[in-house]
Amino acid sequence: MENFFAGEYSGPAFQFLGTAHLGALLALILLNLYLVRFKKADEKTRSGVRWTLALILWANEIAWHAWNYAVGKWTIQTMLPLHLCSLLVWFGALMLVTKNYHIYEFMYLMGIGGAIQALATPDLGIYGFPHFRFFQTFISHGLIVTSAIYMTVVEGFRPTWKSVWRVAFWMNLYMIPVFFLNRAIGSNYLMINHKPPTASLLDLLPDWPVYILYMEAIGLVTVLLLYLPFAVRDWRAKVKESRANSSRLEGLSK
């Protein structure tokens, strides 16, 4: 148990696409498939599921901060809840218990893309399975995705075109104070002041500040891809309605 929470972990390091990594991803997929069954459940049962997910998110994040403090890793330069996924853990849990639609827009359009990237390429270093850090990472990012999917499939929420523009506007506005805070305290929240010192996908992009434009473009493409299923469904509904109206008009003209 002591090694489970150790700051200097002596167990196996994280292995990208290793057995533990693939097992964690499979477990999250199965969890989402299981939760779909609650689509026909009553409100009391669905509320219980939402509260359970919310409490796990909050407890996991509190434990993450407590662990960092205990092992001497907590600093204002790295641990303030300003990164997108950190922010969405707190607000995502709030969305689950209040069914707040505006938070849902960010959880679905921004949370899914960001969390999936973190799940696919987690920055775990020496903290492989079965260290606390391994579980904390997959729980926090996994439940961001799960919460957004649950609210969409089970609770019937969905984004709109206005959601796309609202999310784009507020995210760009949010970046401004974070940028100046980073300069003031020497942090790099949202990775907008410079590239991270460790290897990352940003290494493939041009230097600052040009890579921020690439990040914006990638984010916009991701958001549009997430909205695409709803755009297609709306288009099909309009085509079907148009054909029905045409049929009625033809019937009246005869």
# chains A, B, ... in the order shown; residues from 1 in each chain; ligands from 1

call {"tool": "closest_atom_pairs", "arguments": {"of": "region 34-109 of chain A", "to": "region 15-30 of chain A", "cutoff": "12 Å", "atoms": "only C-alpha atoms", "output": "JSON lines"}}
result
{"residue": "A:Tyr34", "atom": "CA", "partner": "A:Leu30", "partner_atom": "CA", "distance": 6.1}
{"residue": "A:Leu35", "atom": "CA", "partner": "A:Leu30", "partner_atom": "CA", "distance": 8.6}
{"residue": "A:Val36", "atom": "CA", "partner": "A:Leu30", "partner_atom": "CA", "distance": 10.1}
{"residue": "A:Arg37", "atom": "CA", "partner": "A:Leu30", "partner_atom": "CA", "distance": 11.6}

call {"tool": "write_last_selection", "arguments": {"atoms": "N, CA and C atoms", "output": "PDB file, in the first residue's frame"}}
result
ATOM      1  N   TYR A  34     -22.254  -0.098 -20.560  1.00  0.00           N
ATOM      2  CA  TYR A  34     -23.123  -0.482 -19.439  1.00  0.00           C
ATOM      3  C   TYR A  34     -24.081   0.653 -19.077  1.00  0.00           C
ATOM      4  N   LEU A  35     -23.588   1.885 -19.062  1.00  0.00           N
ATOM      5  CA  LEU A  35     -24.416   3.014 -18.638  1.00  0.00           C
ATOM      6  C   LEU A  35     -25.529   3.340 -19.630  1.00  0.00           C
ATOM      7  N   VAL A  36     -25.349   2.925 -20.885  1.00  0.00           N
ATOM      8  CA  VAL A  36     -26.391   3.169 -21.887  1.00  0.00           C
ATOM      9  C   VAL A  36     -27.709   2.500 -21.493  1.00  0.00           C
ATOM     10  N   ARG A  37     -27.620   1.414 -20.731  1.00  0.00           N
ATOM     11  CA  ARG A  37     -28.828   0.676 -20.343  1.00  0.00           C
ATOM     12  C   ARG A  37     -29.760   1.507 -19.460  1.00  0.00           C
TER      13      ARG A  37
END

call {"tool": "select_by_dssp", "arguments": {"residues": "region 4-213 of chain A", "states": "helix (DSSP H, G or I)", "output": "PyMOL selection string"}}
result
chain A and resi 19-40+43-70+84-98+101-120+132-153+161-185+189-191+201-204+210-213

call {"tool": "closest_atom_pairs", "arguments": {"of": "region 65-130 of chain A", "to": "region 226-230 of chain A", "cutoff": "9 Å", "atoms": "only C-alpha atoms", "output": "JSON lines"}}
result
{"residue": "A:Tyr108", "atom": "CA", "partner": "A:Leu226", "partner_atom": "CA", "distance": 7.8}
{"residue": "A:Leu109", "atom": "CA", "partner": "A:Leu226", "partner_atom": "CA", "distance": 6.4}
{"residue": "A:Ile112", "atom": "CA", "partner": "A:Leu226", "partner_atom": "CA", "distance": 8.5}
{"residue": "A:Gly113", "atom": "CA", "partner": "A:Leu226", "partner_atom": "CA", "distance": 8.2}

call {"tool": "closest_residue", "arguments": {"among": "A:Trp161, A:Phe180, A:Phe38, A:Trp64", "to": "Arg133 (chain A)", "atoms": "only C-alpha atoms"}}
result
A:Trp64

call {"tool": "closest_residue", "arguments": {"among": "A:Tyr104, A:Asn60, A:Ala217, A:Asn32", "to": "Ser163 (chain A)", "atoms": "only C-alpha atoms"}}
result
A:Tyr104

call {"tool": "residues_around", "arguments": {"residues": "region 98-102 of chain A", "least_positions_apart": "4", "cutoff": "10 Å", "atoms": "only C-alpha atoms", "output": "VMD selection string"}}
result
chain A and resid 47 50 to 51 91 to 94 106 to 107 151 155 157 to 159 163 166 to 167

call {"tool": "residues_around", "arguments": {"residues": "Ser200 (chain A)", "least_positions_apart": "6", "cutoff": "12 Å", "atoms": "only C-alpha atoms", "output": "PyMOL selection string"}}
result
chain A and resi 117-118+121-123+191

call {"tool": "residues_around", "arguments": {"residues": "region 203-212 of chain A", "least_positions_apart": "4", "cutoff": "8 Å", "atoms": "only C-alpha atoms", "output": "PyMOL selection string"}}
result
chain A and resi 192-195+199+216

call {"tool": "residues_around", "arguments": {"residues": "Gly219 (chain A)", "least_positions_apart": "2", "cutoff": "10 Å", "atoms": "only C-alpha atoms", "output": "PyMOL selection string"}}
result
chain A and resi 109-110+113-114+168+213-217+221-225

call {"tool": "write_last_selection", "arguments": {"atoms": "C-alpha atoms", "output": "compact mmCIF listing (two decimals), in the first residue's frame"}}
result
# COMPACT_ATOMS: atom_id res chain seq x y z
CA LEU A 109 -17.47 19.64 -27.37
CA MET A 110 -14.22 20.25 -25.49
CA GLY A 113 -11.62 15.56 -27.41
CA GLY A 114 -9.21 16.72 -24.72
CA ALA A 168 -15.25 28.70 -29.23
CA LEU A 213 -2.95 28.86 -34.16
CA TYR A 214 -2.43 25.19 -34.98
CA MET A 215 -3.91 24.26 -31.60
CA GLU A 216 -6.92 26.45 -32.38
CA ALA A 217 -7.36 24.77 -35.76
CA VAL A 221 -11.79 20.47 -36.28
CA THR A 222 -12.33 18.27 -33.21
CA VAL A 223 -15.38 20.27 -32.15
CA LEU A 224 -16.87 20.11 -35.64
CA LEU A 225 -16.30 16.35 -35.84

call {"tool": "residues_around", "arguments": {"residues": "Tyr9 (chain A)", "least_positions_apart": "6", "cutoff": "12 Å", "atoms": "only C-alpha atoms", "output": "PDB file with C-alpha atoms, in the first residue's frame"}}
result
ATOM      1  CA  MET A   1       0.000   0.000   0.000  1.00  0.00           C
ATOM      2  CA  GLU A   2       2.897   2.339   0.765  1.00  0.00           C
ATOM      3  CA  ASN A   3       4.261   1.818  -2.746  1.00  0.00           C
ATOM      4  CA  VAL A  71       4.714  13.879  -1.752  1.00  0.00           C
ATOM      5  CA  LEU A 124       2.452   9.032 -16.506  1.00  0.00           C
ATOM      6  CA  GLY A 125       6.197   8.462 -16.690  1.00  0.00           C
ATOM      7  CA  ILE A 126       7.299   6.122 -13.885  1.00  0.00           C
ATOM      8  CA  TYR A 127       3.773   5.727 -12.527  1.00  0.00           C
ATOM      9  CA  GLY A 128       2.572   2.553 -14.185  1.00  0.00           C
ATOM     10  CA  PHE A 129      -0.028   0.052 -13.040  1.00  0.00           C
ATOM     11  CA  PRO A 130      -0.892  -0.388 -10.171  1.00  0.00           C
ATOM     12  CA  HIS A 131       0.184   3.033  -8.797  1.00  0.00           C
ATOM     13  CA  PHE A 132      -2.403   5.553  -7.557  1.00  0.00           C
ATOM     14  CA  ARG A 133      -1.396   7.971 -10.323  1.00  0.00           C
ATOM     15  CA  PHE A 134      -2.300   5.398 -12.975  1.00  0.00           C
TER      16      PHE A 134
END

call {"tool": "closest_residue", "arguments": {"among": "A:Thr146, A:Thr78, A:Gln136, A:Asn182", "to": "Trp58 (chain A)", "atoms": "only C-alpha atoms"}}
result
A:Gln136

call {"tool": "closest_residue", "arguments": {"among": "A:Phe5, A:Tyr189, A:Trp90, A:Phe14", "to": "Leu57 (chain A)", "atoms": "only C-alpha atoms"}}
result
A:Trp90

call {"tool": "closest_residue", "arguments": {"among": "A:Leu190, A:Ile185, A:Ile144, A:Ala231", "to": "Thr160 (chain A)", "atoms": "only C-alpha atoms"}}
result
A:Ala231
